[in-house]
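Structure data follow from upload31.cif (mmCIF, C-alpha atoms):
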```cif
data_final
#
loop_
_atom_site.label_atom_id
_atom_site.label_comp_id
_atom_site.auth_asym_id
_atom_site.auth_seq_id
_atom_site.Cartn_x
_atom_site.Cartn_y
_atom_site.Cartn_z
CA MET A 982 52.30 -23.72 -9.18
CA ASN A 983 52.32 -23.00 -5.45
CA LYS A 984 52.08 -25.94 -3.08
CA SER A 985 48.59 -26.14 -1.52
CA PHE A 986 46.76 -28.20 1.01
CA SER A 987 44.81 -31.22 -0.22
CA ASP A 988 41.33 -30.22 -1.22
CA SER A 989 39.86 -33.52 0.02
CA TYR A 990 37.12 -33.28 2.61
CA ALA A 991 38.83 -35.99 4.66
CA ALA A 992 41.90 -33.82 5.04
CA ALA A 993 39.67 -31.15 6.55
CA GLY A 994 38.41 -33.63 9.12
CA VAL A 995 35.12 -34.77 7.54
CA ASP A 996 34.93 -38.44 6.63
CA VAL A 997 32.25 -38.76 3.94
CA THR A 998 32.61 -42.54 3.81
CA ALA A 999 31.84 -42.74 7.53
CA GLY A 1000 28.62 -40.90 6.78
CA TYR A 1001 27.69 -43.46 4.17
CA LYS A 1002 28.43 -46.29 6.59
CA SER A 1003 26.31 -44.65 9.31
CA VAL A 1004 23.33 -44.50 6.97
CA GLU A 1005 23.69 -48.19 6.14
CA LEU A 1006 23.95 -49.15 9.81
CA ILE A 1007 20.84 -47.24 10.87
CA LYS A 1008 18.53 -48.49 8.13
CA SER A 1009 17.31 -51.51 10.10
CA HIS A 1010 16.48 -49.33 13.10
CA VAL A 1011 14.57 -46.83 10.98
CA LYS A 1012 12.65 -49.63 9.27
CA LYS A 1013 11.05 -50.76 12.53
CA THR A 1014 9.42 -47.35 12.96
CA VAL A 1015 7.51 -47.47 9.66
CA ILE A 1016 3.78 -46.87 10.10
CA PRO A 1017 0.94 -46.22 7.61
CA GLY A 1018 1.58 -42.86 5.95
CA VAL A 1019 5.32 -43.23 5.44
CA ILE A 1020 6.34 -42.68 1.82
CA GLY A 1021 9.77 -43.75 0.63
CA GLY A 1022 12.76 -44.47 2.84
CA ILE A 1023 15.69 -42.62 4.35
CA GLY A 1024 18.28 -41.07 2.10
CA GLY A 1025 16.14 -38.58 0.21
CA PHE A 1026 16.25 -34.83 0.57
CA GLY A 1027 13.04 -34.77 2.58
CA GLY A 1028 11.10 -37.22 4.69
CA MET A 1029 7.62 -37.79 3.29
CA PHE A 1030 4.45 -38.67 5.17
CA GLU A 1031 0.90 -38.82 3.87
CA LEU A 1032 -1.49 -37.14 6.28
CA PRO A 1033 -4.52 -39.26 7.31
CA LEU A 1034 -6.91 -36.41 6.51
CA GLY A 1035 -9.86 -38.74 5.97
CA GLU A 1036 -9.81 -39.61 9.67
CA TYR A 1037 -10.35 -35.99 10.73
CA LYS A 1038 -13.05 -33.42 10.11
CA ASN A 1039 -10.91 -30.44 11.06
CA PRO A 1040 -7.30 -31.61 11.46
CA VAL A 1041 -4.69 -29.50 13.22
CA LEU A 1042 -0.96 -30.13 13.01
CA VAL A 1043 0.95 -29.83 16.28
CA SER A 1044 4.75 -29.68 16.28
CA GLY A 1045 7.45 -29.90 18.90
CA THR A 1046 11.23 -29.68 19.01
CA ASP A 1047 13.75 -30.22 21.80
CA GLY A 1048 17.10 -31.68 22.71
CA VAL A 1049 18.60 -33.75 25.50
CA GLY A 1050 20.75 -31.08 27.14
CA THR A 1051 23.72 -31.87 29.35
CA LYS A 1052 22.42 -35.36 30.15
CA LEU A 1053 24.59 -36.20 27.14
CA LYS A 1054 27.61 -35.89 29.42
CA LEU A 1055 26.49 -39.05 31.23
CA ALA A 1056 26.34 -40.93 27.94
CA PHE A 1057 29.88 -39.75 27.11
CA LEU A 1058 31.30 -40.80 30.48
CA LEU A 1059 29.63 -44.21 30.46
CA ASP A 1060 30.21 -44.68 26.73
CA LYS A 1061 26.58 -45.76 26.48
CA HIS A 1062 24.65 -44.21 23.63
CA ASP A 1063 21.69 -46.50 22.93
CA THR A 1064 19.11 -44.83 25.20
CA ILE A 1065 19.84 -41.12 24.84
CA GLY A 1066 17.76 -41.10 21.65
CA ILE A 1067 14.72 -42.19 23.65
CA ASP A 1068 15.15 -39.04 25.73
CA CYS A 1069 15.25 -36.91 22.60
CA VAL A 1070 12.04 -38.42 21.25
CA ALA A 1071 10.31 -38.21 24.63
CA MET A 1072 11.01 -34.52 25.09
CA CYS A 1073 9.32 -33.77 21.77
CA VAL A 1074 6.43 -36.24 21.58
CA ASN A 1075 5.31 -35.81 25.18
CA ASP A 1076 4.81 -32.10 24.55
CA VAL A 1077 2.77 -32.82 21.42
CA ALA A 1078 0.63 -35.38 23.28
CA CYS A 1079 -0.09 -32.78 25.98
CA SER A 1080 -2.05 -30.93 23.32
CA GLY A 1081 -4.16 -33.99 22.60
CA ALA A 1082 -2.38 -34.72 19.32
CA LYS A 1083 -0.97 -38.00 18.02
CA PRO A 1084 2.69 -37.77 16.89
CA LEU A 1085 3.02 -38.85 13.26
CA PHE A 1086 6.69 -38.57 12.41
CA PHE A 1087 10.03 -37.58 13.85
CA LEU A 1088 13.37 -36.27 12.55
CA ASP A 1089 16.66 -36.14 14.44
CA TYR A 1090 19.79 -33.98 14.16
CA ILE A 1091 23.16 -35.19 15.40
CA ALA A 1092 26.14 -32.83 15.45
CA CYS A 1093 29.41 -34.57 16.24
CA GLY A 1094 33.10 -33.80 16.36
CA LYS A 1095 33.88 -36.97 14.44
CA ASN A 1096 31.54 -39.47 12.80
CA TYR A 1097 32.03 -42.87 14.40
CA PRO A 1098 29.45 -44.98 12.50
CA GLU A 1099 28.93 -47.54 15.26
CA LYS A 1100 28.28 -44.77 17.79
CA ILE A 1101 25.88 -43.01 15.43
CA GLU A 1102 24.07 -46.31 14.97
CA GLN A 1103 23.58 -46.64 18.73
CA ILE A 1104 22.26 -43.09 19.02
CA VAL A 1105 19.78 -43.62 16.18
CA LYS A 1106 18.79 -47.00 17.63
CA GLY A 1107 17.60 -45.11 20.71
CA VAL A 1108 15.74 -42.60 18.56
CA ALA A 1109 14.03 -45.46 16.72
CA ASP A 1110 13.16 -47.20 19.99
CA GLY A 1111 11.59 -43.96 21.20
CA CYS A 1112 9.59 -43.62 18.00
CA VAL A 1113 8.25 -47.16 18.42
CA LEU A 1114 7.20 -46.33 21.99
CA ALA A 1115 5.47 -43.19 20.72
CA GLY A 1116 3.88 -44.88 17.71
CA CYS A 1117 5.43 -42.45 15.23
CA ALA A 1118 7.76 -42.90 12.25
CA LEU A 1119 11.38 -41.84 11.96
CA VAL A 1120 11.34 -40.37 8.46
CA GLY A 1121 14.68 -38.59 8.28
CA GLY A 1122 17.51 -36.86 10.03
CA GLU A 1123 20.96 -35.37 9.67
CA THR A 1124 24.39 -36.24 11.01
CA ALA A 1125 26.84 -33.38 10.73
CA GLU A 1126 30.56 -33.59 11.47
CA HIS A 1127 32.00 -30.47 13.06
CA PRO A 1128 35.79 -30.95 13.20
CA GLY A 1129 37.51 -28.15 15.05
CA LEU A 1130 34.23 -26.98 16.54
CA MET A 1131 33.53 -29.97 18.80
CA PRO A 1132 35.86 -32.53 20.40
CA ASP A 1133 35.99 -35.78 18.39
CA GLU A 1134 34.17 -37.83 21.05
CA ASP A 1135 31.36 -35.32 21.69
CA TYR A 1136 28.01 -34.92 20.00
CA ASP A 1137 24.75 -33.05 20.43
CA LEU A 1138 21.32 -34.45 19.72
CA ALA A 1139 18.05 -32.69 18.94
CA GLY A 1140 14.77 -33.70 17.36
CA PHE A 1141 11.55 -32.49 15.80
CA THR A 1142 8.11 -34.07 15.61
CA VAL A 1143 4.78 -33.33 13.95
CA GLY A 1144 1.49 -34.65 15.27
CA ILE A 1145 -2.16 -34.35 14.30
CA GLY A 1146 -5.35 -33.84 16.26
CA GLU A 1147 -9.02 -33.05 15.80
CA LYS A 1148 -9.47 -29.33 16.39
CA ASP A 1149 -12.43 -29.61 18.76
CA LYS A 1150 -10.69 -32.35 20.76
CA LEU A 1151 -7.37 -30.62 21.34
CA VAL A 1152 -6.47 -30.00 24.98
CA SER A 1153 -6.17 -26.24 25.32
CA GLY A 1154 -7.08 -25.75 28.98
CA GLU A 1155 -10.22 -23.80 28.14
CA ASN A 1156 -12.38 -26.43 29.88
CA LEU A 1157 -10.34 -26.28 33.09
CA LYS A 1158 -12.41 -25.18 36.09
CA GLU A 1159 -12.58 -25.02 39.85
CA GLY A 1160 -13.14 -28.45 41.36
CA ASP A 1161 -11.29 -30.42 38.68
CA ALA A 1162 -9.16 -33.26 40.03
CA LEU A 1163 -5.41 -33.29 39.41
CA ILE A 1164 -3.81 -36.59 38.51
CA ALA A 1165 -0.08 -37.33 38.55
CA ILE A 1166 1.69 -39.89 36.39
CA ALA A 1167 5.04 -41.17 37.66
CA SER A 1168 8.31 -40.36 35.95
CA SER A 1169 11.11 -42.87 35.35
CA GLY A 1170 13.64 -40.66 37.11
CA VAL A 1171 15.34 -37.32 36.46
CA HIS A 1172 14.30 -37.51 32.77
CA SER A 1173 16.19 -34.84 30.74
CA ASN A 1174 16.15 -31.69 32.84
CA GLY A 1175 18.26 -30.26 35.63
CA PHE A 1176 21.45 -32.07 34.68
CA SER A 1177 23.68 -29.02 34.94
CA LEU A 1178 22.75 -28.91 38.63
CA VAL A 1179 22.99 -32.70 39.00
CA ARG A 1180 26.50 -32.72 37.53
CA LYS A 1181 27.55 -29.98 39.93
CA VAL A 1182 26.03 -31.69 42.99
CA PHE A 1183 27.79 -34.99 42.33
CA ASN A 1184 30.92 -33.53 40.68
CA ILE A 1185 30.23 -35.86 37.79
CA ASP A 1186 33.31 -37.43 36.19
CA GLU A 1187 34.64 -40.85 35.16
CA LYS A 1188 34.84 -41.98 38.79
CA THR A 1189 31.69 -40.51 40.32
CA VAL A 1190 29.41 -42.02 37.65
CA LEU A 1191 30.42 -45.43 39.00
CA ARG A 1192 29.75 -44.53 42.63
CA ARG A 1193 27.15 -46.52 44.52
CA PHE A 1194 24.75 -45.06 47.07
CA SER A 1195 22.65 -47.08 49.51
CA GLU A 1196 19.59 -45.17 48.29
CA LEU A 1197 20.01 -46.46 44.72
CA ASP A 1198 19.82 -49.98 43.33
CA LYS A 1199 22.33 -49.23 40.55
CA PRO A 1200 25.44 -47.07 40.10
CA LEU A 1201 24.81 -43.32 40.03
CA GLY A 1202 25.54 -42.90 36.33
CA GLU A 1203 23.18 -45.69 35.30
CA GLU A 1204 20.41 -44.24 37.46
CA LEU A 1205 20.85 -40.79 35.96
CA LEU A 1206 20.96 -42.16 32.40
CA THR A 1207 17.54 -43.86 32.80
CA PRO A 1208 15.61 -42.71 29.71
CA THR A 1209 12.69 -40.29 29.89
CA ARG A 1210 9.33 -42.01 29.99
CA ILE A 1211 7.19 -41.62 26.87
CA TYR A 1212 3.54 -40.95 27.76
CA VAL A 1213 2.01 -40.74 24.30
CA LYS A 1214 0.08 -44.01 24.14
CA PRO A 1215 -1.40 -43.89 27.67
CA LEU A 1216 -2.41 -40.25 27.25
CA LEU A 1217 -4.09 -40.93 23.92
CA ALA A 1218 -5.84 -43.97 25.40
CA LEU A 1219 -7.11 -41.84 28.28
CA MET A 1220 -8.28 -39.01 26.01
CA ASP A 1221 -10.11 -41.52 23.84
CA LYS A 1222 -12.34 -42.41 26.80
CA ILE A 1223 -12.44 -39.34 29.05
CA GLN A 1224 -12.33 -35.60 28.46
CA VAL A 1225 -9.04 -34.29 29.75
CA ASN A 1226 -9.25 -30.61 30.60
CA ALA A 1227 -5.55 -29.75 30.82
CA ILE A 1228 -2.14 -31.44 30.75
CA SER A 1229 1.30 -30.34 31.90
CA HIS A 1230 4.56 -32.07 31.03
CA ILE A 1231 6.87 -31.59 34.03
CA THR A 1232 10.17 -30.71 32.40
CA GLY A 1233 12.68 -27.89 32.95
CA GLY A 1234 11.35 -25.54 35.59
CA GLY A 1235 9.69 -28.34 37.53
CA PHE A 1236 6.27 -27.87 39.06
CA TYR A 1237 6.43 -24.12 39.56
CA GLU A 1238 7.03 -23.28 35.92
CA ASN A 1239 5.19 -26.06 34.09
CA VAL A 1240 1.92 -26.55 36.00
CA PRO A 1241 0.86 -22.88 35.53
CA ARG A 1242 1.29 -23.32 31.76
CA MET A 1243 -1.89 -25.44 31.70
CA LEU A 1244 -3.94 -23.08 33.89
CA ASN A 1245 -6.41 -20.32 33.07
CA ASP A 1246 -6.49 -16.96 34.81
CA ASN A 1247 -7.93 -17.17 38.32
CA THR A 1248 -7.28 -20.90 38.63
CA LEU A 1249 -4.90 -22.31 41.24
CA ALA A 1250 -3.48 -25.85 41.18
CA VAL A 1251 -3.25 -27.22 44.71
CA ILE A 1252 -1.06 -30.34 44.87
CA GLU A 1253 -0.38 -32.57 47.86
CA LYS A 1254 3.30 -33.45 47.67
CA ASP A 1255 3.01 -36.63 49.73
CA LYS A 1256 0.51 -38.06 47.25
CA CYS A 1257 2.86 -37.53 44.32
CA PHE A 1258 5.44 -40.06 43.19
CA LYS A 1259 8.94 -39.50 44.49
CA LYS A 1260 12.02 -41.53 43.64
CA PRO A 1261 15.09 -41.92 45.90
CA ILE A 1262 17.32 -40.12 43.40
CA PHE A 1263 15.63 -36.82 44.23
CA ASP A 1264 16.15 -37.17 47.98
CA LEU A 1265 19.78 -37.98 47.25
CA ILE A 1266 20.22 -34.92 45.03
CA GLN A 1267 18.63 -32.69 47.66
CA LYS A 1268 20.75 -34.12 50.49
CA CYS A 1269 24.08 -34.10 48.63
CA GLY A 1270 23.52 -30.62 47.25
CA ASN A 1271 21.89 -29.16 50.36
CA ILE A 1272 19.20 -27.79 48.06
CA PRO A 1273 16.06 -26.08 49.46
CA GLU A 1274 12.85 -27.97 48.78
CA ARG A 1275 11.33 -25.19 46.70
CA ASP A 1276 14.39 -25.16 44.45
CA MET A 1277 14.03 -28.91 43.97
CA TYR A 1278 10.40 -28.52 42.85
CA ASN A 1279 11.41 -25.58 40.69
CA THR A 1280 14.07 -27.62 38.85
CA PHE A 1281 13.13 -31.31 38.76
CA ASN A 1282 10.06 -33.43 38.08
CA MET A 1283 10.48 -34.97 41.57
CA GLY A 1284 9.10 -38.30 40.38
CA THR A 1285 6.07 -36.97 38.51
CA GLY A 1286 6.33 -36.66 34.73
CA ILE A 1287 2.78 -35.53 33.93
CA ILE A 1288 0.08 -33.60 35.79
CA LEU A 1289 -3.36 -33.55 34.20
CA ALA A 1290 -6.82 -32.30 35.13
CA VAL A 1291 -10.17 -34.04 34.65
CA ASP A 1292 -13.70 -33.54 35.97
CA SER A 1293 -13.75 -34.67 39.59
CA ASP A 1294 -16.33 -37.39 38.92
CA LYS A 1295 -14.03 -38.90 36.26
CA ALA A 1296 -10.87 -38.95 38.37
CA ASP A 1297 -11.06 -42.54 39.64
CA GLU A 1298 -11.80 -43.84 36.15
CA ALA A 1299 -8.90 -41.84 34.72
CA VAL A 1300 -6.49 -43.33 37.24
CA ARG A 1301 -7.78 -46.82 36.46
CA ILE A 1302 -7.30 -46.32 32.71
CA LEU A 1303 -3.76 -45.00 33.15
CA ASN A 1304 -2.81 -47.85 35.48
CA ASN A 1305 -4.21 -50.35 32.98
CA GLU A 1306 -1.97 -48.75 30.36
CA GLY A 1307 1.06 -49.57 32.48
CA GLU A 1308 1.50 -46.22 34.19
CA LYS A 1309 1.56 -45.34 37.89
CA ALA A 1310 -1.14 -42.73 38.39
CA ALA A 1311 -2.80 -41.15 41.42
CA ILE A 1312 -5.12 -38.28 42.37
CA VAL A 1313 -2.87 -35.66 43.95
CA GLY A 1314 -4.85 -32.45 44.18
CA GLU A 1315 -7.48 -30.16 42.74
CA ILE A 1316 -8.09 -26.92 40.89
CA ARG A 1317 -9.27 -24.05 43.09
CA SER A 1318 -10.20 -20.46 42.45
CA GLY A 1319 -7.33 -18.06 43.04
CA GLU A 1320 -4.36 -16.30 41.54
CA LYS A 1321 -2.94 -18.33 38.65
CA GLY A 1322 -0.20 -20.58 39.94
CA VAL A 1323 0.59 -23.76 41.83
CA GLU A 1324 0.53 -24.39 45.57
CA LEU A 1325 2.34 -27.42 46.99
CA ILE A 1326 1.05 -28.51 50.38
#
```
I need this file expressed as structure tokens, please.
Amino acid sequence: MNKSFSDSYAAAGVDVTAGYKSVELIKSHVKKTVIPGVIGGIGGFGGMFELPLGEYKNPVLVSGTDGVGTKLKLAFLLDKHDTIGIDCVAMCVNDVACSGAKPLFFLDYIACGKNYPEKIEQIVKGVADGCVLAGCALVGGETAEHPGLMPDEDYDLAGFTVGIGEKDKLVSGENLKEGDALIAIASSGVHSNGFSLVRKVFNIDEKTVLRRFSELDKPLGEELLTPTRIYVKPLLALMDKIQVNAISHITGGGFYENVPRMLNDNTLAVIEKDKCFKKPIFDLIQKCGNIPERDMYNTFNMGTGIILAVDSDKADEAVRILNNEGEKAAIVGEIRSGEKGVELI
């Protein structure tokens, strides 16, 4: 008989026992996300959730999926993996909430070069923390080892969420009109977009992530790794009291790409930049990269994570509700008649 390679999976670079250990380590984190509707626990072939159909006359499911992008490089360099999962959840659930839906459950997917159970636990801890902030359940996920395809220390993270909303209460933008007030809600920082440019501007590596700037109250890497803010609960609280006519999540593409996504034809969003929230990190990026202002607003959130529109006579009340929910909100502009788009003044 010819000599052959071992047929064990471990010899091929996949440690099945590490996978088992990862599952055991993450169980406590998953448990804290359990909400009414969850059926069973993790470990099955599918995550199960009972829809609260009795609470809705005409329920609509709203789904969202996204990843964290190259912000992961900061987590690698700092060897800090317990917040990147919050970013993953935020990028999915914030989009669903912009439709007026409540996220019900979430699933994550981790692809890694090598399964280090303690690292996987920290990643999933962040995912679970994000689910708690969003009020949804973590009902399943997948961790896949990719030896030979990815370096041992690297991983990628993506997620998927499903929410539910009443059909006649979903935020579609159809009620948007001239004269509506535009309200901004502050971001926590760069969030999870524009990091390819950020890494180029600062020449991000093991040394530069530790660099301190007078403009920042923490090292550069820590500032950039600040997790994306999750807006689900404040948005739902607002929509429970006031009709919201349109919502835009300011993600990749900044103001110029995302604000028009909530507009109707012949409506123009006019936003006063000085009334928006702006964090020092964005001035620093612009200065260090010598980046034109338009490019900044076409790439980053610039300190504003959400722009939403309400009837003008409800604007002050909307700001008050959002501030009471722990957000920083302000009236920053209005909807005017004109070619569909956004004008920053």
Which one of A:Asn1075, A:Thr1046, A:Asn1304, A:Ser1153 sits closest to Thr1232 in chain A if you count only C-alpha atoms?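 For Thr1232 in chain A, the nearest of the given residues is A:Asn1075.
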Could you tell me, as a compact mmCIF listing (two decimals) with C-alpha atoms, in the frame of the given file, exactly which residues end up selected when the PyMOL selection byres ((chain A and resi 1115) around 10) is applied to this structure?
```txt
# COMPACT_ATOMS: atom_id res chain seq x y z
CA THR A 1014 9.42 -47.35 12.96
CA ILE A 1067 14.72 -42.19 23.65
CA VAL A 1070 12.04 -38.42 21.25
CA ALA A 1071 10.31 -38.21 24.63
CA VAL A 1074 6.43 -36.24 21.58
CA ASN A 1075 5.31 -35.81 25.18
CA ALA A 1078 0.63 -35.38 23.28
CA LYS A 1083 -0.97 -38.00 18.02
CA PRO A 1084 2.69 -37.77 16.89
CA LEU A 1085 3.02 -38.85 13.26
CA PHE A 1086 6.69 -38.57 12.41
CA PHE A 1087 10.03 -37.58 13.85
CA ALA A 1109 14.03 -45.46 16.72
CA ASP A 1110 13.16 -47.20 19.99
CA GLY A 1111 11.59 -43.96 21.20
CA CYS A 1112 9.59 -43.62 18.00
CA VAL A 1113 8.25 -47.16 18.42
CA LEU A 1114 7.20 -46.33 21.99
CA GLY A 1116 3.88 -44.88 17.71
CA CYS A 1117 5.43 -42.45 15.23
CA ALA A 1118 7.76 -42.90 12.25
CA ILE A 1211 7.19 -41.62 26.87
CA TYR A 1212 3.54 -40.95 27.76
CA VAL A 1213 2.01 -40.74 24.30
CA LYS A 1214 0.08 -44.01 24.14
CA PRO A 1215 -1.40 -43.89 27.67
```
Closest to Val1152 in chain A among A:Val997, A:Gly1045, A:Val1011, A:Ile1223, using all atoms listed in the file?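 When distances to Val1152 in chain A are compared using all atoms listed in the file, the smallest one comes from A:Ile1223.
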Determine the residue membership of the PyMOL selection byres ((chain A and resi 1255) around 12) for the file above and supply it as a list in words. Ala1165, Ile1252, Glu1253, Lys1254, Lys1256, Cys1257, Phe1258, Lys1259, Lys1260, Met1283, Gly1284, Thr1285, Ala1311, Ile1312, Val1313, Gly1314, Leu1325 and Ile1326 of chain A
Two-atom distance - CA of Met1220 in chain A, CA of Glu1324 in chain A (Å): 26.0 Å
Of the listed residues A:Leu1163, A:Pro1132, A:Lys1002, A:Ile1266, that which approaches Val1182 in chain A most closely, counting only C-alpha atoms: A:Ile1266
Counting all atoms listed in the file, which residue out of A:Leu1157, A:Ile1016, A:Gly1146, A:Asp1292 sits closest to Leu1034 in chain A?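 Closest candidate: A:Gly1146.
Minimum distance to Ser1318 in chain A across A:Met1131, A:Ile1065, A:Ala1250, A:Leu1206 (counting all atoms listed in the file) occurs at A:Ala1250.
Distances from A:Asn1226, A:Asn1279, A:Ser1168, A:Gln1103 to His1010 in chain A were compared using all atoms listed in the file, and the smallest one belongs to A:Gln1103.
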Separation of CA of Thr1124 in chain A from CA of Pro1098 in chain A in Å: 10.2 Å
Please compute the CA of Asn1247 in chain A-CA of Lys1158 in chain A distance, one decimal, in Å. 9.4 Å
Run the PyMOL selection byres ((chain A and resi 1177-1180) around 10) mentally over the shown coordinates, then write out the matched residues as an mmCIF file with C-alpha atoms, in the coordinates of the input, using the chain letters and numbers from the document.
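To be explicit, this is the file written out as selection16.cif:
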```cif
data_model
loop_
_atom_site.group_PDB
_atom_site.id
_atom_site.type_symbol
_atom_site.label_atom_id
_atom_site.label_comp_id
_atom_site.auth_asym_id
_atom_site.auth_seq_id
_atom_site.Cartn_x
_atom_site.Cartn_y
_atom_site.Cartn_z
ATOM 1 C CA GLY A 1050 20.750 -31.080 27.140
ATOM 2 C CA THR A 1051 23.720 -31.870 29.350
ATOM 3 C CA LYS A 1052 22.420 -35.360 30.150
ATOM 4 C CA LYS A 1054 27.610 -35.890 29.420
ATOM 5 C CA LEU A 1055 26.490 -39.050 31.230
ATOM 6 C CA VAL A 1171 15.340 -37.320 36.460
ATOM 7 C CA ASN A 1174 16.150 -31.690 32.840
ATOM 8 C CA GLY A 1175 18.260 -30.260 35.630
ATOM 9 C CA PHE A 1176 21.450 -32.070 34.680
ATOM 10 C CA LYS A 1181 27.550 -29.980 39.930
ATOM 11 C CA VAL A 1182 26.030 -31.690 42.990
ATOM 12 C CA PHE A 1183 27.790 -34.990 42.330
ATOM 13 C CA ASN A 1184 30.920 -33.530 40.680
ATOM 14 C CA ILE A 1185 30.230 -35.860 37.790
ATOM 15 C CA ASP A 1186 33.310 -37.430 36.190
ATOM 16 C CA THR A 1189 31.690 -40.510 40.320
ATOM 17 C CA VAL A 1190 29.410 -42.020 37.650
ATOM 18 C CA LEU A 1205 20.850 -40.790 35.960
ATOM 19 C CA PHE A 1263 15.630 -36.820 44.230
ATOM 20 C CA ILE A 1266 20.220 -34.920 45.030
ATOM 21 C CA GLN A 1267 18.630 -32.690 47.660
ATOM 22 C CA CYS A 1269 24.080 -34.100 48.630
ATOM 23 C CA GLY A 1270 23.520 -30.620 47.250
ATOM 24 C CA THR A 1280 14.070 -27.620 38.850
ATOM 25 C CA PHE A 1281 13.130 -31.310 38.760
#
```
Listed atoms of range 1242-1251 of chain A boxed axis-aligned with 6 Å per side, centre + edges as JSON:
```
{"center_x": -3.3, "center_y": -22.1, "center_z": 38.2, "size_x": 21.2, "size_y": 22.3, "size_z": 25.0}
```
Residues near Leu1303 in chain A, cut-off 9 Å, only C-alpha atoms, skip fewer than 6 positions along chain, as a PyMOL selection string: chain A and resi 1166+1215-1216+1218-1219+1309-1310
